[in-house]
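*Asks:* Input protein_12.cif, format and content: mmCIF, C-alpha atoms.
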```cif
data_target
#
loop_
_atom_site.label_atom_id
_atom_site.label_comp_id
_atom_site.auth_asym_id
_atom_site.auth_seq_id
_atom_site.Cartn_x
_atom_site.Cartn_y
_atom_site.Cartn_z
CA MET M 19 -24.60 91.20 -135.82
CA THR M 20 -27.12 94.01 -135.57
CA GLN M 21 -27.35 96.44 -132.68
CA LEU M 22 -30.43 94.62 -131.40
CA ASP M 23 -28.59 91.29 -131.51
CA ARG M 24 -25.68 92.76 -129.57
CA LEU M 25 -28.02 94.13 -126.92
CA SER M 26 -29.77 90.76 -126.65
CA VAL M 27 -26.45 88.97 -126.22
CA TYR M 28 -25.34 91.58 -123.73
CA HIS M 29 -28.43 91.12 -121.59
CA TRP M 30 -28.13 87.35 -121.69
CA LEU M 31 -24.51 87.51 -120.63
CA ASN M 32 -25.27 90.08 -117.95
CA ALA M 33 -27.86 87.76 -116.49
CA TRP M 34 -25.34 84.96 -116.22
CA CYS M 35 -22.09 86.90 -115.94
CA ILE M 36 -20.09 83.71 -116.27
CA LYS M 37 -17.47 82.41 -118.57
CA PRO M 38 -15.42 79.21 -118.58
CA VAL M 39 -11.88 79.77 -117.34
CA GLY M 40 -9.70 76.70 -117.12
CA GLY M 41 -12.69 74.41 -116.81
CA ALA M 42 -14.33 76.47 -114.04
CA LEU M 43 -17.14 78.97 -114.38
CA VAL M 44 -15.99 82.40 -113.33
CA ARG M 45 -18.02 85.55 -112.88
CA GLN M 46 -16.97 88.18 -115.35
CA GLU M 47 -18.17 91.61 -116.25
CA PRO M 48 -20.37 91.12 -119.29
CA GLU M 49 -18.65 93.77 -121.36
CA TYR M 50 -15.41 91.79 -121.28
CA ILE M 51 -17.20 88.67 -122.40
CA LEU M 52 -18.80 90.61 -125.20
CA LEU M 53 -15.40 92.03 -126.05
CA ALA M 54 -14.01 88.54 -126.37
CA LEU M 55 -16.95 87.37 -128.45
CA MET M 56 -17.14 90.38 -130.67
CA GLY M 57 -13.43 90.88 -131.04
CA SER M 58 -13.82 94.64 -130.84
CA PRO M 59 -14.20 97.27 -128.11
CA LEU M 60 -17.67 98.24 -127.01
CA LYS M 61 -18.92 101.24 -128.89
CA LYS M 62 -18.76 104.60 -127.27
CA ILE M 63 -20.74 107.74 -127.96
CA MET M 64 -19.82 111.35 -127.21
CA LEU M 65 -22.15 113.55 -125.21
CA CYS M 66 -21.46 117.29 -125.10
CA SER M 67 -22.70 119.31 -122.14
CA SER M 68 -23.88 122.93 -122.23
CA GLU M 69 -20.37 123.88 -121.06
CA LYS M 70 -18.92 122.09 -124.14
CA GLU M 71 -17.38 119.35 -122.03
CA ILE M 72 -17.27 115.99 -123.83
CA PHE M 73 -18.25 112.78 -122.06
CA SER M 74 -17.46 109.44 -123.62
CA VAL M 75 -20.03 106.83 -122.63
CA GLU M 76 -20.68 103.24 -123.62
CA GLU M 77 -23.36 103.27 -126.26
CA GLN M 78 -25.43 100.46 -124.76
CA VAL M 79 -25.58 102.25 -121.42
CA MET M 80 -27.32 105.29 -122.90
CA VAL M 81 -29.33 103.33 -125.46
CA GLN M 82 -30.86 101.22 -122.70
CA HIS M 83 -32.01 104.20 -120.69
CA SER M 84 -32.49 107.21 -122.94
CA VAL M 85 -35.29 107.06 -125.51
CA ILE M 86 -33.85 110.09 -127.30
CA ILE M 87 -30.36 108.62 -127.69
CA ASN M 88 -31.75 105.21 -128.59
CA ASN M 89 -33.77 106.81 -131.39
CA MET M 90 -30.74 108.72 -132.66
CA ILE M 91 -28.65 105.57 -132.86
CA GLU M 92 -31.43 103.51 -134.46
CA ASP M 93 -32.32 106.04 -137.13
CA GLY M 94 -28.68 106.53 -138.02
CA SER M 95 -28.56 110.24 -137.28
CA TYR M 96 -25.57 109.72 -135.00
CA ASN M 97 -22.23 109.13 -136.72
CA HIS M 98 -19.82 107.30 -134.39
CA GLU M 99 -16.76 108.57 -136.26
CA GLU M 100 -17.50 112.26 -136.25
CA SER M 101 -20.48 113.18 -134.12
CA LYS M 102 -21.05 114.49 -130.65
CA ILE M 103 -24.55 114.67 -129.23
CA PRO M 104 -25.02 118.25 -128.03
CA LEU M 105 -27.03 118.56 -124.82
CA ASP M 106 -27.32 122.34 -124.55
CA CYS M 107 -29.71 122.25 -121.63
CA VAL M 108 -27.65 119.95 -119.43
CA ASP M 109 -24.60 121.24 -117.58
CA SER M 110 -21.51 119.09 -116.97
CA LYS M 111 -22.22 118.35 -113.33
CA THR M 112 -25.74 117.13 -114.09
CA LEU M 113 -24.69 115.19 -117.18
CA LYS M 114 -22.05 113.34 -115.19
CA LYS M 115 -24.69 112.35 -112.63
CA VAL M 116 -27.06 111.18 -115.35
CA ILE M 117 -24.30 109.07 -116.88
CA ASP M 118 -23.47 107.65 -113.45
CA TYR M 119 -27.13 106.67 -112.97
CA CYS M 120 -27.43 104.99 -116.35
CA THR M 121 -24.09 103.21 -115.96
CA HIS M 122 -24.89 101.93 -112.50
CA HIS M 123 -28.32 100.66 -113.51
CA THR M 124 -26.90 98.95 -116.58
CA HIS M 125 -24.11 97.16 -114.76
CA HIS M 126 -25.99 96.43 -111.54
CA HIS M 127 -29.52 95.69 -112.65
CA ASN M 128 -29.18 92.16 -111.26
CA ASP M 129 -28.40 93.43 -107.77
CA ASN M 130 -31.07 92.90 -105.15
CA GLN M 131 -33.79 95.50 -104.91
CA GLU M 132 -32.69 96.79 -101.49
CA ASP M 133 -29.19 97.58 -102.70
CA LEU M 134 -30.53 99.35 -105.79
CA GLU M 135 -32.92 101.43 -103.72
CA ALA M 136 -30.16 102.36 -101.28
CA TRP M 137 -27.97 103.44 -104.16
CA ASP M 138 -30.84 105.47 -105.67
CA ALA M 139 -31.49 107.18 -102.34
CA GLN M 140 -27.84 108.13 -102.08
CA PHE M 141 -27.81 109.25 -105.72
CA LEU M 142 -30.72 111.62 -105.09
CA ASN M 143 -29.21 113.02 -101.92
CA VAL M 144 -28.71 116.40 -103.59
CA ASP M 145 -29.96 119.89 -102.92
CA SER M 146 -33.15 121.14 -104.53
CA ASN M 147 -31.28 122.86 -107.37
CA GLY M 148 -29.52 119.63 -108.20
CA LEU M 149 -32.79 117.68 -108.12
CA TYR M 150 -34.39 120.23 -110.39
CA ASP M 151 -31.50 119.99 -112.87
CA LEU M 152 -31.63 116.18 -112.85
CA LEU M 153 -35.36 116.28 -113.51
CA MET M 154 -34.91 118.55 -116.51
CA ALA M 155 -32.08 116.42 -117.89
CA ALA M 156 -34.02 113.17 -117.41
CA ASN M 157 -37.05 114.74 -119.09
CA TYR M 158 -34.96 116.00 -122.01
CA LEU M 159 -33.24 112.65 -122.52
CA GLU M 160 -36.47 110.72 -121.76
CA ILE M 161 -34.92 108.47 -119.16
CA ARG M 162 -38.18 106.97 -117.84
CA ASN M 163 -36.91 105.13 -114.77
CA LEU M 164 -34.93 108.16 -113.58
CA LEU M 165 -37.99 110.35 -114.12
CA ASP M 166 -40.16 107.98 -112.07
CA LEU M 167 -37.56 107.97 -109.33
CA ILE M 168 -37.47 111.76 -109.14
CA TYR M 169 -41.28 112.05 -109.31
CA GLY M 170 -41.50 109.74 -106.31
CA THR M 171 -38.93 111.83 -104.44
CA ILE M 172 -40.80 115.06 -105.10
CA LYS M 173 -44.08 113.41 -104.11
CA ASN M 174 -42.46 112.55 -100.78
CA MET M 175 -41.24 116.15 -100.40
CA ILE M 176 -44.87 117.30 -100.62
CA LYS M 177 -46.29 114.49 -98.47
CA GLY M 178 -47.75 115.76 -95.22
CA LYS M 179 -46.56 119.33 -95.75
CA LYS M 180 -48.61 122.44 -95.18
CA ILE M 181 -48.96 125.14 -97.82
CA ASP M 182 -46.27 127.41 -96.38
CA GLU M 183 -43.84 124.51 -96.14
CA ILE M 184 -44.47 123.55 -99.77
CA ARG M 185 -43.81 127.13 -100.81
CA ARG M 186 -40.55 127.16 -98.86
CA ILE M 187 -39.36 123.81 -100.26
CA PHE M 188 -39.99 124.85 -103.85
CA ASN M 189 -38.79 128.41 -103.26
CA ILE M 190 -42.13 129.80 -104.40
CA LYS M 191 -41.73 133.51 -103.76
CA ASP M 192 -44.64 134.58 -105.93
CA HIS M 193 -47.52 132.10 -105.71
CA GLY M 194 -49.63 134.16 -108.14
CA PHE M 195 -52.83 134.28 -106.07
CA THR M 196 -54.42 137.56 -105.05
CA PRO M 197 -55.27 137.81 -101.33
CA GLU M 198 -58.94 137.30 -102.22
CA GLU M 199 -58.13 134.18 -104.25
CA GLU M 200 -55.98 132.81 -101.46
CA GLU M 201 -58.80 133.31 -98.95
CA GLN M 202 -61.27 131.66 -101.31
CA ASN M 203 -58.91 128.68 -101.76
CA ARG M 204 -58.76 128.11 -98.06
CA LYS M 205 -62.58 128.30 -97.72
CA GLU M 206 -63.06 125.76 -100.48
CA TYR M 207 -60.77 123.17 -98.94
CA PRO M 208 -62.91 120.06 -99.00
CA HIS M 209 -63.10 118.25 -95.73
CA PHE M 210 -63.58 114.64 -96.53
CA TYR M 211 -62.33 113.19 -93.26
CA MET P 17 -35.63 125.48 -106.52
CA ALA P 18 -33.97 127.43 -109.31
CA GLY P 19 -32.14 125.27 -111.82
CA SER P 20 -28.58 126.04 -112.74
CA SER P 21 -28.86 124.45 -116.18
CA LYS P 22 -29.35 126.60 -119.19
CA THR P 23 -33.02 126.59 -120.05
CA ASN P 24 -35.39 128.42 -122.31
CA ARG P 25 -36.19 131.06 -119.73
CA LYS P 26 -38.47 133.80 -120.88
CA LYS P 27 -36.86 137.03 -121.83
CA GLY P 28 -38.54 140.37 -122.15
CA ASN P 29 -40.11 142.79 -119.72
CA VAL P 30 -41.07 140.36 -116.98
CA PRO P 31 -38.78 141.03 -114.00
CA ILE P 32 -36.85 137.85 -113.21
CA GLU P 33 -37.64 138.05 -109.51
CA HIS P 34 -41.38 137.87 -110.29
CA GLU P 35 -41.04 134.85 -112.59
CA CYS P 36 -42.23 131.63 -111.09
CA GLN P 37 -39.27 129.23 -111.10
CA LEU P 38 -41.67 126.33 -111.46
CA ASN P 39 -42.43 127.51 -114.99
CA LEU P 40 -38.94 126.42 -116.02
CA LEU P 41 -40.18 122.84 -116.08
CA PRO P 42 -42.74 121.75 -118.68
CA ARG P 43 -46.31 121.60 -117.42
CA ASP P 44 -46.62 117.89 -118.14
CA ILE P 45 -43.87 117.15 -115.61
CA TRP P 46 -45.83 118.89 -112.86
CA VAL P 47 -48.98 117.08 -114.02
CA ARG P 48 -47.23 113.72 -113.62
CA ILE P 49 -45.93 114.70 -110.19
CA ALA P 50 -49.39 115.92 -109.14
CA ALA P 51 -50.90 112.62 -110.35
CA LYS P 52 -48.47 110.74 -108.11
CA VAL P 53 -49.33 113.02 -105.21
CA ALA P 54 -53.07 112.53 -105.86
CA SER P 55 -52.75 108.74 -106.01
CA ASN P 56 -51.28 108.81 -102.53
CA SER P 57 -53.24 111.53 -100.71
CA ILE P 58 -55.87 114.03 -101.76
CA HIS P 59 -55.01 116.08 -98.67
CA ASP P 60 -51.53 116.57 -100.16
CA LEU P 61 -53.08 117.25 -103.56
CA PHE P 62 -55.21 120.09 -102.18
CA ASN P 63 -52.25 121.61 -100.37
CA MET P 64 -50.28 121.44 -103.60
CA GLN P 65 -53.13 123.10 -105.53
CA VAL P 66 -53.32 126.10 -103.25
CA SER P 67 -49.54 126.57 -102.97
CA CYS P 68 -49.24 128.45 -106.24
CA LYS P 69 -50.97 128.95 -109.54
CA VAL P 70 -48.52 126.77 -111.49
CA PHE P 71 -49.33 123.87 -109.15
CA LEU P 72 -53.05 124.68 -109.27
CA ASP P 73 -53.03 124.49 -113.06
CA ALA P 74 -51.08 121.22 -113.15
CA ALA P 75 -52.94 119.63 -110.24
CA SER P 76 -56.33 120.38 -111.81
CA SER P 77 -55.72 118.37 -114.95
CA GLU P 78 -57.67 115.30 -116.00
CA ALA P 79 -54.76 112.92 -115.43
CA VAL P 80 -54.64 113.98 -111.79
CA TYR P 81 -58.36 113.46 -111.19
CA GLN P 82 -58.13 110.09 -112.90
CA HIS P 83 -55.55 108.88 -110.40
CA ALA P 84 -56.80 110.58 -107.23
CA THR P 85 -57.20 108.09 -104.43
CA MET P 86 -60.70 107.61 -103.02
CA ARG P 87 -59.43 105.74 -99.95
CA VAL P 88 -60.35 108.40 -97.40
CA ILE P 89 -63.51 109.67 -99.07
CA LEU P 90 -66.61 108.63 -97.19
CA LEU P 91 -69.29 106.84 -99.17
CA VAL P 92 -71.79 109.35 -97.86
CA SER P 93 -69.95 111.95 -99.97
CA PHE P 94 -71.30 110.18 -103.04
CA LEU P 95 -74.77 109.87 -101.59
CA PHE P 96 -75.79 113.25 -100.24
CA TYR P 97 -75.64 116.61 -101.86
CA LEU P 98 -72.39 118.29 -100.88
CA ASP P 99 -71.25 121.84 -101.16
CA ARG P 100 -70.14 122.88 -104.60
CA SER P 101 -66.40 122.45 -104.18
CA LYS P 102 -66.70 118.88 -102.86
CA ARG P 103 -69.23 117.91 -105.48
CA ARG P 104 -67.03 119.50 -108.15
CA PHE P 105 -64.03 117.45 -107.06
CA LEU P 106 -65.96 114.17 -107.21
CA ASP P 107 -67.58 115.10 -110.51
CA HIS P 108 -64.13 115.84 -111.99
CA CYS P 109 -62.91 112.43 -110.82
CA ILE P 110 -65.88 110.64 -112.37
CA GLU P 111 -65.60 112.59 -115.64
CA ALA P 112 -61.89 111.70 -115.77
CA GLU P 113 -62.86 108.00 -115.54
CA ASN P 114 -61.40 107.52 -112.07
CA ALA P 115 -62.25 103.84 -111.63
CA ASP P 116 -62.45 104.05 -107.85
CA ALA P 117 -64.81 107.03 -107.90
CA ILE P 118 -67.08 105.34 -110.45
CA LEU P 119 -67.10 102.16 -108.36
CA ARG P 120 -68.19 104.07 -105.27
CA LEU P 121 -70.86 105.91 -107.21
CA GLY P 122 -72.12 102.56 -108.52
CA LEU P 123 -72.19 101.21 -104.96
CA THR P 124 -74.35 104.05 -103.71
CA GLU P 125 -76.66 103.83 -106.72
CA TYR P 126 -77.29 100.11 -106.10
CA PHE P 127 -77.34 99.75 -102.33
CA TRP P 128 -78.78 103.06 -101.20
CA ILE P 129 -80.53 104.73 -104.10
CA ALA P 130 -81.80 101.40 -105.51
CA CYS P 131 -81.16 102.29 -109.16
CA ARG P 132 -79.92 98.89 -110.24
CA GLY P 133 -79.71 99.67 -113.95
CA ILE P 134 -77.56 102.78 -113.47
CA ALA P 135 -75.49 101.00 -110.84
CA MET P 136 -74.69 98.08 -113.13
CA GLU P 137 -73.66 100.45 -115.93
CA LEU P 138 -71.35 102.29 -113.54
CA LEU P 139 -69.83 99.08 -112.22
CA ALA P 140 -69.24 97.81 -115.75
CA ARG P 141 -67.59 101.13 -116.58
CA ALA P 142 -65.35 101.01 -113.49
CA SER P 143 -64.40 97.43 -114.32
CA THR P 144 -63.43 98.48 -117.85
CA GLU P 145 -61.27 101.24 -116.36
CA GLY P 146 -59.35 98.62 -114.40
CA SER P 147 -61.11 98.28 -111.05
CA VAL P 148 -60.95 94.60 -110.07
CA GLU P 149 -63.30 95.26 -107.15
CA ALA P 150 -65.90 96.68 -109.53
CA GLY P 151 -65.56 93.58 -111.72
CA TYR P 152 -66.06 91.33 -108.71
CA LEU P 153 -69.16 93.20 -107.53
CA PHE P 154 -70.57 93.31 -111.06
CA ALA P 155 -70.11 89.54 -111.38
CA MET P 156 -71.71 88.90 -107.98
CA LEU P 157 -74.74 91.02 -108.79
CA LEU P 158 -75.17 89.33 -112.16
CA LEU P 159 -75.16 85.97 -110.41
CA CYS P 160 -77.53 87.14 -107.67
CA ASP P 161 -80.04 89.17 -109.61
CA HIS P 162 -80.41 87.43 -112.92
CA GLU P 163 -82.44 84.46 -114.00
CA ASP P 164 -81.29 85.07 -117.56
CA GLU P 165 -78.85 82.29 -118.49
CA GLU P 166 -76.71 84.53 -120.61
CA GLU P 167 -76.21 87.06 -117.81
CA VAL P 168 -75.49 84.31 -115.30
CA GLN P 169 -72.90 82.84 -117.65
CA ARG P 170 -71.34 86.28 -118.05
CA GLY P 171 -71.12 86.55 -114.27
CA VAL P 172 -69.54 83.09 -114.05
CA GLU P 173 -66.91 84.01 -116.63
CA MET P 174 -66.07 87.34 -115.02
CA LEU P 175 -65.76 85.76 -111.60
CA GLU P 176 -63.61 82.95 -112.97
CA PHE P 177 -61.24 85.50 -114.49
CA ILE P 178 -60.87 87.25 -111.13
CA ARG P 179 -60.57 83.95 -109.28
CA THR P 180 -57.79 82.64 -111.49
CA SER P 181 -55.89 85.90 -111.08
CA GLY P 182 -55.95 85.33 -107.31
CA LYS P 183 -57.84 88.52 -106.42
CA VAL P 184 -61.11 87.23 -104.99
CA GLU P 185 -59.93 87.41 -101.39
CA ARG P 186 -58.77 91.01 -101.81
CA CYS P 187 -62.19 91.94 -103.28
CA ARG P 188 -64.03 90.21 -100.44
CA GLU P 189 -61.99 92.13 -97.87
CA PHE P 190 -62.66 95.40 -99.67
CA PHE P 191 -66.43 94.92 -99.62
CA ALA P 192 -66.48 93.37 -96.17
CA ASP P 193 -64.99 96.65 -94.90
CA ILE P 194 -67.62 98.65 -96.73
CA PHE P 195 -70.65 96.61 -95.67
CA TRP P 196 -69.51 95.78 -92.13
CA GLU P 197 -72.21 96.93 -89.75
CA ARG P 198 -73.67 99.21 -92.38
CA TRP P 199 -77.32 99.22 -93.21
CA VAL P 200 -78.16 98.99 -96.88
CA ASP P 201 -81.51 100.00 -98.29
CA GLU P 202 -81.35 97.55 -101.13
CA ARG P 203 -79.69 94.17 -100.98
CA PRO P 204 -78.92 91.76 -103.80
CA SER P 205 -81.43 89.02 -104.52
CA ASP P 206 -80.62 85.66 -103.07
CA PRO P 207 -80.81 82.92 -105.71
CA ARG P 208 -82.04 80.46 -103.10
CA HIS P 209 -82.34 77.69 -105.60
CA ALA P 210 -79.18 75.90 -106.59
CA VAL P 211 -77.96 76.67 -110.03
CA ALA P 212 -77.63 73.05 -110.93
CA CYS P 213 -74.83 72.16 -113.19
CA TRP P 214 -75.79 69.56 -115.76
CA SER P 215 -72.30 68.93 -116.97
CA THR P 216 -71.42 65.23 -116.85
CA ASN P 217 -67.95 66.25 -115.77
CA CYS P 218 -69.19 67.97 -112.65
CA PHE P 219 -68.81 65.91 -109.49
CA THR P 220 -70.86 68.23 -107.30
CA ARG P 221 -74.00 68.46 -109.33
CA SER P 222 -76.36 70.08 -106.92
CA THR P 223 -75.10 72.69 -104.49
CA MET P 224 -71.95 73.67 -102.70
CA ALA P 225 -73.65 73.54 -99.30
CA ASP P 226 -72.02 70.32 -98.24
CA VAL P 227 -68.64 70.93 -99.78
CA ASN P 228 -65.99 71.50 -97.14
CA ASP P 229 -62.93 71.72 -99.29
CA VAL P 230 -63.35 74.28 -102.05
CA SER P 231 -59.90 73.57 -103.40
CA ARG P 232 -61.11 70.20 -104.65
CA VAL P 233 -63.86 71.75 -106.72
CA SER P 234 -63.05 72.55 -110.30
CA CYS P 235 -66.48 73.24 -111.75
CA VAL P 236 -66.73 76.99 -112.36
CA HIS P 237 -70.48 77.03 -111.76
CA ARG P 238 -70.07 75.39 -108.37
CA LEU P 239 -67.35 77.83 -107.46
CA ALA P 240 -69.53 80.74 -108.56
CA ASP P 241 -72.35 79.42 -106.36
CA TYR P 242 -69.97 79.18 -103.41
CA ASN P 243 -68.71 82.74 -103.97
CA VAL P 244 -72.29 84.04 -104.08
CA ARG P 245 -72.98 82.42 -100.69
CA VAL P 246 -69.88 84.06 -99.22
CA PHE P 247 -70.81 87.40 -100.78
CA LEU P 248 -74.35 87.39 -99.37
CA GLU P 249 -72.97 86.71 -95.88
CA MET P 250 -71.48 90.21 -95.92
CA PHE P 251 -74.87 91.84 -95.48
CA ARG P 252 -75.61 92.05 -91.82
CA PHE P 253 -78.78 93.51 -90.47
CA TYR P 254 -79.35 94.52 -86.91
#
```
Mind converting the file's structure to structure tokens?

*Replies:*
Amino acid sequence: MTQLDRLSVYHWLNAWCIKPVGGALVRQEPEYILLALMGSPLKKIMLCSSEKEIFSVEEQVMVQHSVIINNMIEDGSYNHEESKIPLDCVDSKTLKKVIDYCTHHTHHHNDNQEDLEAWDAQFLNVDSNGLYDLLMAANYLEIRNLLDLIYGTIKNMIKGKKIDEIRRIFNIKDHGFTPEEEEQNRKEYPHFY
Amino acid sequence: MAGSSKTNRKKGNVPIEHECQLNLLPRDIWVRIAAKVASNSIHDLFNMQVSCKVFLDAASSEAVYQHATMRVILLVSFLFYLDRSKRRFLDHCIEAENADAILRLGLTEYFWIACRGIAMELLARASTEGSVEAGYLFAMLLLCDHEDEEEVQRGVEMLEFIRTSGKVERCREFFADIFWERWVDERPSDPRHAVACWSTNCFTRSTMADVNDVSRVSCVHRLADYNVRVFLEMFRFY
């Protein structure tokens, strides 16, 4: 069974999350069903943070979310027996959060939208440094849905804020404008309302 | 908002305290964020632009102008000569193929400047860029203004596409808001005659005037005729 077949089966099982047990249909975690069908443990991959800490993650979790990791698995450049995937620009704390996000969204993607949004809001309840680090990690790993989530959060941070507030939020100590440019900017503010 | 991750920070003679932390993220990330900001509020976009030069650079890119919302921009802004900065902003949006901006420009060209040819080109362009409202208006004007069978048929087909996607009501509301109690210098022609449908399958051969239940009508020409009647009702003169 190819990787694509396994993913297809996984998604089908995840949608149903049922298996027959003693004549009744019982909800089961899809990975255990797959385990029973495949007769082998789900594959894991090793991610190595910038602090050289190794994280073992289910392959399908990262493949579903990260374009970069998906490409590495598909083109065969990742060797399950020997390789770690070095992520030199992602520290351990951030990498753990990224893995948590991908794992949650893999195992709970059938949850109702409200619950998912509440979880996402809690997930992004971090300080600005943490948000910044998550954004860089999501960009590096090309995790599109996490990127969209963070873009929306930053958009809301800017929403309704004045210039000085935006500078404070983003810790902009040197805005780069000369006093003359700054004055000109303010004069050119288009009043469309 | 300094990141704690290891990044490719610049080394050299630039004092760290004068580096802009925002430069640690690739420009395209800030462009995408600015596009989201612009699609929600141009007031926020302008504040973002003048916050710092990194934001100004990102927030002045084509992708941002393409997605900038036109919701709060008065139609008069497209009609009269504005000061340079306002005109520049709208020109950037139109050049970036902002569908909403092109639609509004098309509106002013047709209804107030009376350049029907240019207006129809602009509406077709906005429709191609994804504006359903522009497609609806384009179809309506084809049906109103043209005797040419081919153009009328084109209008029927475009309207049918919008109708089957369930967006006619939304388009009507959009234009009802625009034309409500607003004088227009040029109004669409009224095809007073019924566009008779000669199809033997059509049960309402003549006009829709006496049809009370539109849901029972399946002939696309009859439905187009009905939609034209509703559209022309929007133009109120006092």

*Asks:* Could you list, as a ChimeraX atom specification, the residues of chain M having an atom within 7 Å of chain P when counting only C-alpha atoms?

*Replies:* /M:107-109,146-147,150-151,154,169,173,176-178,180-181,184-185,188-190,192-195,203,206,208,210-211

*Asks:* Run through the PyMOL selection byres ((chain P and resi 140) around 12) on the given coordinates and return the selected residues as a VMD selection string.

*Replies:* chain P and resid 115 118 to 119 121 to 123 133 to 139 141 to 155 157 to 158 170 to 171 174

*Asks:* Using the chain letters and residue numbers of this document, give as a count of residues only the residues selected by the PyMOL selection byres ((chain P and resi 79) around 9).

*Replies:* 14

*Asks:* Evaluating the PyMOL selection byres ((chain M and resi 137) around 12) on the displayed file yields which residues, as an MDAnalysis selection string?

*Replies:* chainID M and resid 118:119 122:123 126:127 129:136 138:143 167

*Asks:* Could you tell me which of M:Glu69, M:Asp182, M:Glu199, M:Glu77 comes closest to Met90 of chain M if we count only C-alpha atoms?

*Replies:*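 Of M:Glu69, M:Asp182, M:Glu199, M:Glu77, the one nearest Met90 of chain M, counting only C-alpha atoms, is M:Glu77.
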
*Asks:* If we count all atoms listed in the file and set the cut-off at 9 Å, which residues sit around Met80 of chain M, ignoring sequence neighbours fewer than 6 positions away in its own chain? Please answer as a CSV table (one decimal) with C-alpha atoms, in the frame of the given file.

*Replies:*
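Result file selection-v2.csv:
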```csv
chain,number,residue,atom,x,y,z
M,63,ILE,CA,-20.7,107.7,-128.0
M,87,ILE,CA,-30.4,108.6,-127.7
M,88,ASN,CA,-31.8,105.2,-128.6
M,117,ILE,CA,-24.3,109.1,-116.9
M,120,CYS,CA,-27.4,105.0,-116.4
M,121,THR,CA,-24.1,103.2,-116.0
M,124,THR,CA,-26.9,99.0,-116.6
```

*Asks:* When you draw a straight line from atom CA of Met64 of chain M to atom CA of Lys102 of chain M, how long is it in Å?

*Replies:*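 Separation of atom CA of Met64 of chain M and atom CA of Lys102 of chain M: 4.8 Å.
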
*Asks:* Just to confirm, what's the straight-line distance from atom CA of Asp106 of chain M to atom CA of Ile91 of chain M in Å (one decimal)?

*Replies:*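 Going from atom CA of Asp106 of chain M over to atom CA of Ile91 of chain M covers 18.8 Å.
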
*Asks:* Generate the coordinates of all heavy atoms for segment 103-107 of chain M; report them as a short mmCIF file (atom, residue, chain, number, x, y, z; two decimals), in the frame of the given file.

*Replies:*
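Final file, rebuild.cif:
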```cif
data_model
loop_
_atom_site.label_atom_id
_atom_site.label_comp_id
_atom_site.auth_asym_id
_atom_site.auth_seq_id
_atom_site.Cartn_x
_atom_site.Cartn_y
_atom_site.Cartn_z
N ILE M 103 -23.14 114.34 -129.46
CA ILE M 103 -24.55 114.67 -129.23
C ILE M 103 -24.59 115.88 -128.32
O ILE M 103 -24.18 115.80 -127.15
CB ILE M 103 -25.30 113.49 -128.57
CG1 ILE M 103 -25.27 112.27 -129.49
CG2 ILE M 103 -26.74 113.88 -128.25
CD1 ILE M 103 -25.92 111.03 -128.91
N PRO M 104 -25.01 117.03 -128.85
CA PRO M 104 -25.02 118.25 -128.03
C PRO M 104 -26.22 118.24 -127.08
O PRO M 104 -27.35 117.98 -127.50
CB PRO M 104 -25.15 119.37 -129.06
CG PRO M 104 -25.85 118.73 -130.23
CD PRO M 104 -25.53 117.27 -130.20
N LEU M 105 -25.96 118.49 -125.83
CA LEU M 105 -27.03 118.56 -124.82
C LEU M 105 -26.96 119.95 -124.19
O LEU M 105 -26.43 120.14 -123.09
CB LEU M 105 -26.85 117.45 -123.78
CG LEU M 105 -26.83 116.02 -124.33
CD1 LEU M 105 -26.49 115.01 -123.24
CD2 LEU M 105 -28.17 115.66 -124.95
N ASP M 106 -27.49 120.93 -124.94
CA ASP M 106 -27.32 122.34 -124.55
C ASP M 106 -28.04 122.71 -123.27
O ASP M 106 -27.76 123.75 -122.69
CB ASP M 106 -27.81 123.25 -125.68
CG ASP M 106 -26.90 123.13 -126.89
OD1 ASP M 106 -25.73 122.74 -126.71
OD2 ASP M 106 -27.36 123.42 -128.01
N CYS M 107 -29.00 121.87 -122.85
CA CYS M 107 -29.71 122.25 -121.63
C CYS M 107 -29.27 121.42 -120.43
O CYS M 107 -29.95 121.42 -119.40
CB CYS M 107 -31.21 122.15 -121.84
SG CYS M 107 -31.73 120.66 -122.63
#
```
